[in-house]
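Novice: Next up, work.txt (compact mmCIF, C-alpha atoms).
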# COMPACT_ATOMS: atom_id res chain seq x y z
CA MET S 121 145.96 63.09 85.46
CA PRO S 122 144.89 62.92 89.14
CA SER S 123 144.77 66.72 89.41
CA LEU S 124 142.43 66.83 86.42
CA ALA S 125 140.15 64.43 88.23
CA LEU S 126 140.45 66.63 91.33
CA ALA S 127 139.52 69.67 89.27
CA ALA S 128 136.54 67.74 87.91
CA VAL S 129 135.42 66.97 91.47
CA ALA S 130 135.83 70.65 92.41
CA LEU S 131 133.79 71.71 89.40
CA PHE S 132 131.16 69.10 90.23
CA ALA S 133 130.96 70.51 93.75
CA PHE S 134 130.59 73.99 92.26
CA ALA S 135 127.78 72.70 90.04
CA LEU S 136 126.09 71.24 93.11
CA LEU S 137 126.44 74.63 94.84
CA MET S 138 124.79 76.23 91.84
CA LEU S 139 121.98 73.67 92.04
CA ARG S 140 121.56 74.53 95.71
CA THR S 141 121.50 78.22 94.81
CA ARG S 142 118.78 77.48 92.25
CA SER S 143 116.66 75.60 94.76
CA GLU S 144 117.18 78.42 97.24
CA GLU S 145 116.06 80.85 94.57
CA ALA S 146 112.94 78.75 94.00
CA GLU S 147 112.26 78.94 97.73
CA ASP S 148 112.91 82.66 97.60
CA ARG S 149 110.34 83.09 94.87
CA THR S 150 107.67 81.37 96.94
CA THR S 151 108.46 83.42 100.04
CA ARG S 152 109.04 86.69 98.19
CA GLU S 153 105.60 88.01 98.96
CA GLY S 154 105.99 87.21 102.63
CA THR S 155 109.40 88.84 102.74
CA SER S 156 108.27 91.99 101.00
CA ALA S 157 105.46 92.22 103.53
CA VAL S 158 108.04 91.94 106.32
CA GLN S 159 110.17 94.59 104.62
CA ARG S 160 107.18 96.90 104.32
CA SER S 161 106.40 96.48 108.00
CA SER S 162 110.07 96.94 108.96
CA ALA S 163 110.08 100.16 106.96
CA ARG S 164 107.49 101.43 109.40
CA GLY S 165 109.31 99.90 112.40
CA LEU S 166 112.83 100.26 113.76
CA PRO S 167 115.60 101.31 111.35
CA PRO S 168 117.94 98.41 110.46
CA ALA S 169 120.82 99.66 112.63
CA GLU S 170 118.70 99.99 115.75
CA LEU S 171 117.05 96.65 115.08
CA ALA S 172 120.43 94.88 114.91
CA LEU S 173 121.73 96.70 117.98
CA ARG S 174 118.57 95.78 119.90
CA ILE S 175 118.66 92.09 118.91
CA PHE S 176 122.32 91.52 119.69
CA SER S 177 122.69 93.90 122.64
CA PRO S 178 123.21 92.13 126.02
CA THR S 179 121.13 94.78 127.86
CA ASP S 180 117.96 92.66 127.83
CA ARG S 181 119.91 89.62 129.01
CA THR S 182 121.32 91.59 131.93
CA PHE S 183 117.81 92.72 132.82
CA ILE S 184 116.41 89.16 132.64
CA ARG S 185 119.28 87.87 134.78
CA LEU S 186 118.26 90.31 137.48
CA THR S 187 114.97 88.43 137.85
CA ARG S 188 117.02 85.32 138.93
CA SER S 189 114.45 83.05 137.28
CA THR S 190 116.06 80.14 135.41
CA GLN S 191 112.87 79.43 133.47
CA LEU S 192 112.60 83.03 132.32
CA GLN S 193 116.27 83.09 131.34
CA ARG S 194 115.87 79.87 129.35
CA LEU S 195 112.78 81.26 127.61
CA TYR S 196 114.58 84.51 126.85
CA GLU S 197 117.64 82.68 125.42
CA LYS S 198 115.44 80.56 123.17
CA GLU S 199 113.34 83.44 121.89
CA ARG S 200 116.28 85.78 121.34
CA ARG S 201 118.22 83.03 119.56
CA ASP S 202 115.28 82.50 117.17
CA VAL S 203 114.96 86.24 116.51
CA ALA S 204 118.71 86.57 115.85
CA LEU S 205 118.71 83.54 113.55
CA HIS S 206 115.75 84.97 111.64
CA TRP S 207 117.53 88.32 111.28
CA VAL S 208 120.72 86.70 109.89
CA ARG S 209 118.70 84.47 107.55
CA ARG S 210 116.92 87.55 106.22
CA ILE S 211 120.24 89.28 105.60
CA SER S 212 121.51 86.15 103.84
CA HIS S 213 118.34 86.07 101.73
CA GLU S 214 118.86 89.73 100.80
CA VAL S 215 122.48 89.04 99.77
CA ARG S 216 121.29 86.22 97.51
CA GLN S 217 118.60 88.46 96.09
CA ILE S 218 121.08 91.28 95.34
CA MET S 219 123.40 88.84 93.56
CA ARG S 220 120.51 87.23 91.69
CA ASN S 221 119.34 90.60 90.37
CA HIS S 222 122.89 91.45 89.39
CA ARG S 223 123.36 88.14 87.55
CA LEU S 224 120.07 88.44 85.68
CA SER S 225 120.96 91.95 84.55
CA SER S 226 124.66 91.43 83.80
CA ARG S 227 124.15 88.28 81.68
CA GLN S 228 122.77 90.49 78.91
CA SER S 229 125.41 93.24 79.17
CA ALA S 230 127.72 93.23 76.18
CA ASP S 231 130.30 95.30 78.09
CA LEU S 232 130.52 92.98 81.11
CA ASN S 233 133.81 93.39 82.99
CA VAL S 234 135.16 89.96 83.93
CA VAL S 235 137.59 91.25 86.59
CA ALA S 236 134.91 93.38 88.27
CA GLU S 237 132.52 90.41 88.18
CA THR S 238 135.13 88.16 89.79
CA LYS S 239 135.73 90.71 92.58
CA LEU S 240 131.99 91.03 93.10
CA PHE S 241 131.65 87.24 93.30
CA TYR S 242 134.43 87.18 95.91
CA GLN S 243 132.59 89.84 97.97
CA TYR S 244 129.40 87.81 97.62
CA LEU S 245 131.18 84.69 98.91
CA GLN S 246 132.59 86.69 101.83
CA LEU S 247 129.13 87.97 102.77
CA ARG S 248 127.62 84.49 102.51
CA PHE S 249 130.46 83.10 104.61
CA LEU S 250 129.90 85.79 107.26
CA CYS S 251 126.20 84.95 107.39
CA VAL S 252 126.94 81.22 107.75
CA LEU S 253 129.52 81.96 110.45
CA LEU S 254 127.03 84.14 112.33
CA LEU S 255 124.34 81.45 112.04
CA VAL S 256 126.71 78.80 113.41
CA LEU S 257 127.88 81.07 116.25
CA ILE S 258 124.33 81.99 117.22
CA GLN S 259 123.20 78.37 117.00
CA ILE S 260 126.03 77.14 119.22
CA PHE S 261 126.77 80.02 121.60
CA GLY S 262 123.58 82.09 121.46
CA PRO S 263 122.76 85.54 120.10
CA HIS S 264 125.25 87.34 122.32
CA ALA S 265 128.19 85.22 121.19
CA LEU S 266 129.93 88.10 119.45
CA VAL S 267 129.52 90.40 122.44
CA ASP S 268 130.65 87.64 124.80
CA VAL S 269 133.71 86.93 122.69
CA ALA S 270 134.51 90.65 122.59
CA ALA S 271 134.03 90.92 126.37
CA TYR S 272 136.13 87.81 126.97
CA THR S 273 138.89 89.17 124.71
CA SER S 274 138.78 92.49 126.50
CA ALA S 275 138.91 90.80 129.93
CA LEU S 276 141.73 88.57 128.73
CA GLY S 277 143.55 91.64 127.45
CA GLN S 278 143.13 93.32 130.83
CA ARG S 279 144.37 90.22 132.66
CA ILE S 280 147.40 90.04 130.38
CA GLY S 281 147.90 93.78 130.89
CA GLN S 282 147.79 93.27 134.69
CA ALA S 283 150.12 90.31 134.50
CA LEU S 284 152.67 92.04 132.27
CA PRO S 285 154.08 94.56 134.78
CA GLU S 286 154.69 91.70 137.26
CA VAL S 287 156.59 89.73 134.67
CA THR S 288 158.52 92.82 133.62
CA ARG S 289 159.18 93.63 137.26
CA GLY S 290 160.27 90.05 137.84
CA ARG S 291 162.72 90.33 134.96
CA ARG S 292 163.91 93.77 135.86
CA VAL S 293 164.96 92.79 139.42
CA PRO S 294 167.78 90.46 138.46
CA SER S 295 168.85 92.65 135.60
CA SER S 296 168.99 95.71 137.86
CA GLY S 297 170.73 93.46 140.36
CA ASN S 298 173.23 92.56 137.71
CA VAL S 299 173.74 96.19 136.90
CA ALA S 300 174.17 96.98 140.60
CA ALA S 301 176.57 94.10 140.95
CA MET J 51 123.65 37.18 70.51
CA LEU J 52 122.86 39.73 73.23
CA THR J 53 125.75 41.94 72.07
CA MET J 54 124.40 41.85 68.51
CA THR J 55 120.87 42.72 69.73
CA ILE J 56 122.17 45.71 71.75
CA TRP J 57 124.20 46.88 68.75
CA CYS J 58 121.17 46.63 66.42
CA VAL J 59 118.87 48.47 68.86
CA GLY J 60 121.54 51.16 69.33
CA THR J 61 121.96 51.70 65.59
CA LEU J 62 118.17 51.82 65.11
CA LEU J 63 117.84 54.45 67.87
CA GLU J 64 120.66 56.52 66.33
CA CYS J 65 118.88 56.40 62.96
CA LEU J 66 115.61 57.37 64.64
CA VAL J 67 117.19 60.44 66.30
CA LEU J 68 118.74 61.40 62.98
CA VAL J 69 115.48 60.98 61.01
CA ARG J 70 113.48 62.96 63.58
CA GLY J 71 116.15 65.66 63.53
CA PHE J 72 115.80 66.04 59.77
CA ARG J 73 112.01 65.92 59.81
CA GLN J 74 111.80 68.54 62.57
CA ALA J 75 114.59 70.64 60.99
CA LEU J 76 116.54 70.40 64.24
CA TYR J 77 119.74 69.83 62.25
CA ARG J 78 119.67 73.53 61.34
CA GLN J 79 119.82 74.49 65.01
CA PHE J 80 122.33 71.79 66.03
CA PRO J 81 124.37 71.00 62.88
CA ILE J 82 127.44 69.67 64.73
CA PHE J 83 125.37 67.31 66.90
CA TYR J 84 123.62 65.76 63.90
CA ALA J 85 126.92 65.59 61.96
CA TYR J 86 128.35 63.72 64.97
CA LEU J 87 125.44 61.29 65.00
CA LEU J 88 125.74 60.67 61.25
CA PHE J 89 129.46 60.09 61.71
CA VAL J 90 128.80 57.59 64.53
CA ILE J 91 126.39 55.57 62.34
CA ILE J 92 128.74 55.50 59.32
CA ASN J 93 131.64 54.74 61.62
CA GLU J 94 129.92 51.67 63.07
CA PHE J 95 129.42 50.15 59.62
CA VAL J 96 132.96 51.04 58.51
CA ARG J 97 134.43 49.41 61.61
CA LEU J 98 132.23 46.34 61.17
CA ALA J 99 133.31 46.00 57.54
CA VAL J 100 137.01 46.41 58.37
CA TYR J 101 136.71 43.93 61.26
CA ARG J 102 135.06 41.37 58.98
CA TRP J 103 137.13 41.72 55.83
CA ASP J 104 140.41 43.36 56.82
CA SER J 105 140.90 42.71 60.55
CA ALA J 106 144.65 43.38 60.30
CA HIS J 107 143.90 47.09 59.92
CA TYR J 108 141.08 47.21 62.47
CA PHE J 109 143.20 48.65 65.31
CA ARG J 110 144.44 51.53 63.15
CA VAL J 111 140.97 52.29 61.74
CA TYR J 112 139.45 52.10 65.24
CA TRP J 113 141.76 54.73 66.75
CA ALA J 114 141.65 57.04 63.74
CA THR J 115 137.84 57.12 63.79
CA GLN J 116 137.79 57.29 67.59
CA PHE J 117 139.81 60.51 67.59
CA LEU J 118 137.65 61.98 64.84
CA SER J 119 134.65 61.18 67.02
CA LEU J 120 136.35 62.91 69.97
CA ALA J 121 136.99 66.02 67.88
CA LEU J 122 133.34 66.13 66.81
CA GLY J 123 132.36 65.65 70.49
CA CYS J 124 134.33 68.81 71.38
CA GLY J 125 132.31 70.50 68.64
CA ILE J 126 129.08 69.47 70.40
CA ILE J 127 130.23 71.27 73.57
CA PHE J 128 131.02 74.35 71.51
CA GLU J 129 127.58 74.10 69.91
CA ILE J 130 125.86 73.92 73.32
CA TYR J 131 127.76 77.07 74.34
CA ARG J 132 126.86 78.85 71.09
CA VAL J 133 123.15 77.99 71.09
CA ALA J 134 122.51 78.54 74.81
CA LEU J 135 124.33 81.87 75.13
CA ARG J 136 123.24 83.42 71.86
CA SER J 137 121.02 85.99 73.60
CA PHE J 138 123.31 86.53 76.60
CA PRO J 139 126.49 88.37 75.57
CA GLY J 140 127.49 89.07 79.18
CA ALA J 141 127.23 85.44 80.27
CA ALA J 142 128.93 84.35 77.02
CA ARG J 143 131.88 86.64 77.73
CA MET J 144 132.25 85.29 81.27
CA THR J 145 131.99 81.68 80.01
CA ARG J 146 134.72 82.31 77.42
CA TYR J 147 137.09 83.57 80.12
CA VAL J 148 136.30 80.73 82.55
CA LEU J 149 136.76 78.12 79.78
CA LEU J 150 140.02 79.83 78.81
CA ILE J 151 141.24 79.51 82.41
CA VAL J 152 140.16 75.84 82.59
CA PHE J 153 141.85 74.96 79.30
CA GLY J 154 144.91 77.05 80.26
CA ALA J 155 145.23 75.12 83.51
CA ILE J 156 144.93 71.81 81.67
CA PHE J 157 147.53 72.89 79.12
CA ALA J 158 149.92 74.05 81.86
CA LYS J 159 149.47 70.76 83.68
CA ALA J 160 150.17 68.83 80.47
CA LEU J 161 153.33 70.89 79.88
CA ILE J 162 154.58 70.26 83.42
CA LEU J 163 153.94 66.54 83.04
CA ALA J 164 155.71 66.53 79.67
CA SER J 165 158.79 68.28 81.08
CA GLU J 166 158.87 66.01 84.13
CA ASP J 167 158.55 62.69 82.35
CA VAL J 168 159.27 62.38 78.66
CA SER J 169 157.93 58.81 78.53
CA SER J 170 154.43 60.13 79.33
CA LEU J 171 154.43 61.82 75.92
CA ALA J 172 154.27 58.38 74.39
CA ALA J 173 151.21 57.48 76.41
CA THR J 174 148.90 54.83 75.09
CA SER J 175 145.92 55.76 72.96
CA LEU J 176 143.65 54.57 75.72
CA ILE J 177 145.05 57.01 78.27
CA LEU J 178 145.05 59.79 75.69
CA GLU J 179 141.38 59.15 74.96
CA ARG J 180 140.54 59.13 78.68
CA ASN J 181 142.37 62.43 79.19
CA LEU J 182 140.56 64.02 76.26
CA ARG J 183 137.24 62.79 77.69
CA ILE J 184 138.18 64.33 81.06
CA VAL J 185 138.88 67.63 79.30
CA GLN J 186 135.44 67.38 77.64
CA ALA J 187 133.85 66.61 81.00
CA LEU J 188 135.55 69.64 82.60
CA ALA J 189 134.36 71.88 79.79
CA ALA J 190 130.81 70.51 80.07
CA LEU J 191 130.80 70.94 83.87
CA THR J 192 132.08 74.51 83.53
CA LEU J 193 129.34 75.27 81.03
CA VAL J 194 126.61 73.74 83.20
CA SER J 195 127.86 75.62 86.28
CA LEU J 196 127.82 78.96 84.47
CA PHE J 197 124.44 78.24 82.84
CA MET J 198 123.01 77.65 86.31
CA TRP J 199 124.73 80.70 87.78
CA TYR J 200 123.31 82.98 85.09
CA ALA J 201 119.95 81.13 85.02
CA ILE J 202 120.24 80.46 81.29
CA PRO J 203 117.05 78.88 79.93
CA PHE J 204 117.91 75.61 78.12
CA GLY J 205 114.84 74.38 76.31
CA LYS J 206 114.00 70.70 76.03
CA ASN J 207 116.18 69.97 72.97
CA LEU J 208 119.37 71.56 74.27
CA LYS J 209 118.85 70.08 77.73
CA GLY J 210 118.52 66.62 76.17
CA ILE J 211 121.69 66.96 74.09
CA LEU J 212 123.63 68.23 77.10
CA LEU J 213 122.32 65.58 79.51
CA GLY J 214 122.84 62.71 77.06
CA TYR J 215 126.31 63.77 76.02
CA ALA J 216 127.40 64.43 79.64
CA LEU J 217 126.20 60.95 80.59
CA PHE J 218 128.09 59.51 77.63
CA ILE J 219 131.33 61.32 78.59
CA GLY J 220 131.01 60.21 82.23
CA MET J 221 130.42 56.62 81.18
CA SER J 222 133.39 56.72 78.77
CA ILE J 223 135.73 57.99 81.51
CA LEU J 224 134.56 55.26 83.89
CA GLN J 225 134.84 52.60 81.21
CA ILE J 226 138.37 53.56 80.14
CA THR J 227 139.57 53.93 83.74
CA PHE J 228 138.20 50.53 84.74
CA LEU J 229 139.46 49.01 81.51
CA TYR J 230 142.96 50.28 82.18
CA TYR J 231 143.29 49.51 85.87
CA THR J 232 140.99 46.69 86.89
CA TRP J 233 139.73 45.02 83.75
CA ASP J 234 140.21 41.43 84.92
CA ARG J 235 138.33 41.96 88.15
CA ILE J 236 135.32 43.75 86.70
CA ARG J 237 135.02 41.95 83.37
CA PRO J 238 131.93 39.85 84.34
CA LEU J 239 130.05 42.92 85.61
CA TRP J 240 131.18 45.38 83.00
CA THR J 241 130.67 43.49 79.72
CA TYR J 242 127.26 44.96 78.92
CA ALA J 243 127.20 48.06 81.15
CA PRO J 244 128.64 50.59 78.63
CA SER J 245 126.36 49.36 75.84
CA VAL J 246 123.29 49.56 78.08
CA ALA J 247 124.35 53.04 79.28
CA TYR J 248 124.72 54.12 75.65
CA LEU J 249 121.18 52.86 74.99
CA VAL J 250 120.02 55.04 77.91
CA VAL J 251 121.80 58.04 76.30
CA LEU J 252 120.07 57.30 72.99
CA GLY J 253 116.76 56.96 74.83
CA ILE J 254 117.24 60.45 76.30
CA TRP J 255 118.02 61.84 72.83
CA VAL J 256 115.00 60.13 71.23
CA ARG J 257 112.72 61.52 73.93
CA THR J 258 114.07 65.08 74.03
CA LEU J 259 114.73 65.50 70.29
CA TRP J 260 111.48 63.93 69.07
CA SER J 261 110.06 67.35 68.28
CA ALA J 262 111.55 70.82 67.95
CA GLN J 263 110.92 73.13 70.88
CA ALA J 264 112.03 76.73 70.93
CA VAL J 265 114.35 77.81 73.72
CA PRO J 266 112.14 79.63 76.26
CA ALA J 267 112.67 83.38 76.29
CA ALA J 268 114.62 84.72 79.24
CA SER J 269 112.69 86.73 81.80
CA ASN J 270 113.55 90.32 81.09
CA VAL J 271 114.87 91.40 84.49
CA ARG J 272 117.07 94.25 83.36
CA LEU J 273 117.27 96.55 86.37
CA GLU J 274 120.00 98.74 84.91
CA SER J 275 120.72 99.23 81.25
CA ASP J 276 124.17 100.68 81.98
CA TYR J 277 126.61 98.01 83.20
CA GLU J 278 128.78 100.45 85.21
CA MET J 279 125.67 101.70 86.99
CA LEU J 280 124.58 98.13 87.71
CA LEU J 281 128.00 97.30 89.17
CA ALA J 282 127.97 100.42 91.35
CA THR J 283 124.44 99.64 92.59
CA THR J 284 125.33 96.05 93.52
CA ARG J 285 128.52 97.15 95.28
CA SER J 286 126.73 99.78 97.34
CA GLN J 287 124.03 97.24 98.27
CA PHE J 288 126.74 94.81 99.41
CA ARG J 289 128.42 97.58 101.45
CA ARG J 290 125.12 98.40 103.17
CA THR J 291 124.54 94.73 104.00
CA LEU J 292 128.08 94.39 105.36
CA ALA J 293 127.48 97.44 107.55
CA ARG J 294 124.34 95.81 108.94
CA LEU J 295 126.31 92.69 109.83
CA GLY J 296 128.83 95.00 111.49
CA TRP J 297 126.12 96.46 113.74
CA ALA J 298 125.44 92.96 115.04
CA ALA J 299 129.06 92.70 116.13
CA ARG J 300 129.07 96.20 117.64
CA ALA J 301 125.88 95.69 119.67
Reformat the file's structure so that it appears as structure tokens.
Specialist:
Amino acid sequence: MPSLALAAVALFAFALLMLRTRSEEAEDRTTREGTSAVQRSSARGLPPAELALRIFSPTDRTFIRLTRSTQLQRLYEKERRDVALHWVRRISHEVRQIMRNHRLSSRQSADLNVVAETKLFYQYLQLRFLCVLLLVLIQIFGPHALVDVAAYTSALGQRIGQALPEVTRGRRVPSSGNVAA
Amino acid sequence: MLTMTIWCVGTLLECLVLVRGFRQALYRQFPIFYAYLLFVIINEFVRLAVYRWDSAHYFRVYWATQFLSLALGCGIIFEIYRVALRSFPGAARMTRYVLLIVFGAIFAKALILASEDVSSLAATSLILERNLRIVQALAALTLVSLFMWYAIPFGKNLKGILLGYALFIGMSILQITFLYYTWDRIRPLWTYAPSVAYLVVLGIWVRTLWSAQAVPAASNVRLESDYEMLLATTRSQFRRTLARLGWAARA
């Protein structure tokens, strides 16, 4: 029964994940007051959309680059990376909190829908995965990684677009030659 | 001599757990667990008597009682599920479905194996016992995972039964696997290990079942009384969070 043993390992890993979730929840409980204070202050500050746009927008980076100071650029990169990481961690914390509240309420519901719960769990995993992916990207490539990737893709697309007519032209010549011949 | 001492200490500890269970009326809360323990004690004396006076039938008696013990062990897992999820119908429903999937997968796997190789149907009792223990372990792990996911409060008594029995199942799987594959190589190391591990299990049970403790009441965090409303709220919160992550990409 090797697959049974494999399933046992998978379940054990799942149990470990649950343990991790529990310890995270314990951490959450201790920092809840701090977080709610942050939320209260953010309610008075920028709306979430503008906050995200401001953190991840490359406008500030462009401005800092104009100063041509390496030290300032390094300082900016470090600070902005920390701010972006904090923002993603807060989102991740909120996702965990939403799911925690849902679990604590749904466990007592006699009419719990298993299919709906499974779909919700899948969405939760997707959100957590996105947060982890963002954290890794920011940690490795900096807060403007997504914008840079998008810009690179766009530039690559343009280069391919510019290269395509030449290739097509290059192919058309002999074919037209063949037709002429 | 050492084997006899370990056996005597083990039997004494089993009796102690049983006596404390009756004095604290814990047997009313966990009837299957205490029936299992009583069975184990009687079983030990029956096996000893058969071994001493009718050793020709020992093998048959051993396996018959071993499978009865396994069946009662499955009952303990059911009892853990029943006691822990009594006040949580939602979590109980989810657990039933997940266990159904786990058992369904095991059954399907067994069917595939049976159709592939007929000789595996006549597997030895040892392998059969190991496979049944693995099934028990899977069920216990599923239960523990879901208990943690739904933050089900255990209480000292239930936690002790679960921890002790899980340790016992894990040790049994290890023992049978080693016994089957590498017995000659590990014999010097392994002679006393299972007995000592069983003493540890009994120690856990003596400690956690010494006195009856009520299962702590769950924190009443009902945000929505209507399940459909709760589901809609959670979904819309997830959508809002996803939109916020989208703004980061659009910046």
Novice: Would you mind listing what lies within 10 Å of Val234 in chain S as a PyMOL selection string, with all atoms listed in the file counted and same-chain residues fewer than 5 positions away left out?
Specialist: (chain S and resi 239-240) or (chain J and resi 140-141+143-145+147-148)
Novice: Which is closest to chain J among S:Leu245, S:Val252, S:Leu171, S:Leu266, if we use all atoms listed in the file?
Specialist: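 Between S:Leu245, S:Val252, S:Leu171, S:Leu266, the residue approaching chain J most closely is S:Leu266.
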Novice: Measuring between all atoms listed in the file, which one of S:Ile175, S:Val203, S:Val208, S:Met219 shows the shortest distance to Cys251 in chain S?
Specialist: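 Of all the options, S:Val208 lies closest to Cys251 in chain S.
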Novice: For CA of Val250 in chain J and CA of Glu94 in chain J, quote the distance in Å rounded to one decimal.
Specialist: 18.2 Å
Novice: Write out as JSON, numbers by chain the residues lying within 12 Å of Ala204 in chain S, counting all atoms listed in the file and excluding same-chain residues fewer than 4 positions away.
Specialist: {"S": [171, 172, 173, 174, 175, 176, 177, 196, 197, 198, 199, 200, 208, 209, 210, 211, 251, 254, 255, 256, 257, 258, 259, 261, 262, 263, 264, 265, 266], "J": [295, 298]}
Novice: At a cut-off of 9 Å, using all atoms listed in the file, what residues contact Leu249 in chain J? Leave out same-chain residues fewer than 3 positions from it and give the result as a PyMOL selection string.
Specialist: chain J and resi 56+59-60+63+244-246+252-254
Novice: Take the selection from the previous step and output its residues with C-alpha atoms, as an mmCIF file, keeping the file's coordinate frame.
Specialist:
data_model
loop_
_atom_site.group_PDB
_atom_site.id
_atom_site.type_symbol
_atom_site.label_atom_id
_atom_site.label_comp_id
_atom_site.auth_asym_id
_atom_site.auth_seq_id
_atom_site.Cartn_x
_atom_site.Cartn_y
_atom_site.Cartn_z
ATOM 1 C CA ILE J 56 122.170 45.710 71.750
ATOM 2 C CA VAL J 59 118.870 48.470 68.860
ATOM 3 C CA GLY J 60 121.540 51.160 69.330
ATOM 4 C CA LEU J 63 117.840 54.450 67.870
ATOM 5 C CA PRO J 244 128.640 50.590 78.630
ATOM 6 C CA SER J 245 126.360 49.360 75.840
ATOM 7 C CA VAL J 246 123.290 49.560 78.080
ATOM 8 C CA LEU J 252 120.070 57.300 72.990
ATOM 9 C CA GLY J 253 116.760 56.960 74.830
ATOM 10 C CA ILE J 254 117.240 60.450 76.300
#
Novice: Using all atoms listed in the file, find the residues of chain J whose closest atom to chain S is at most 9 Å away, then write them as a VMD selection string.
Specialist: chain J and resid 137 to 144 147 156 159 to 160 181 184 to 185 187 to 188 191 to 192 194 to 196 198 to 202 269 to 278 280 to 281 283 to 285 287 to 288 291 to 295 297 to 301
Novice: Around (129.1, 51.7, 63.6) in the file's frame, which residues reach within 12 Å when counting only C-alpha atoms? Return as a list in words?
Specialist: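 Residues lying no farther than 12 Å from the given point: Met54, Trp57, Cys58, Val59, Gly60, Thr61, Leu62, Glu64, Cys65, Leu87, Leu88, Phe89, Val90, Ile91, Ile92, Asn93, Glu94, Phe95, Val96, Arg97, Leu98, Ala99, Val100, Tyr101, Tyr112, Thr115, Gln116 and Ser119 of chain J.
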Novice: What's the separation between CA of Gly210 in chain J and CA of Thr258 in chain J, in Å to one decimal place?
Specialist: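 These two atoms are separated by 5.2 Å.
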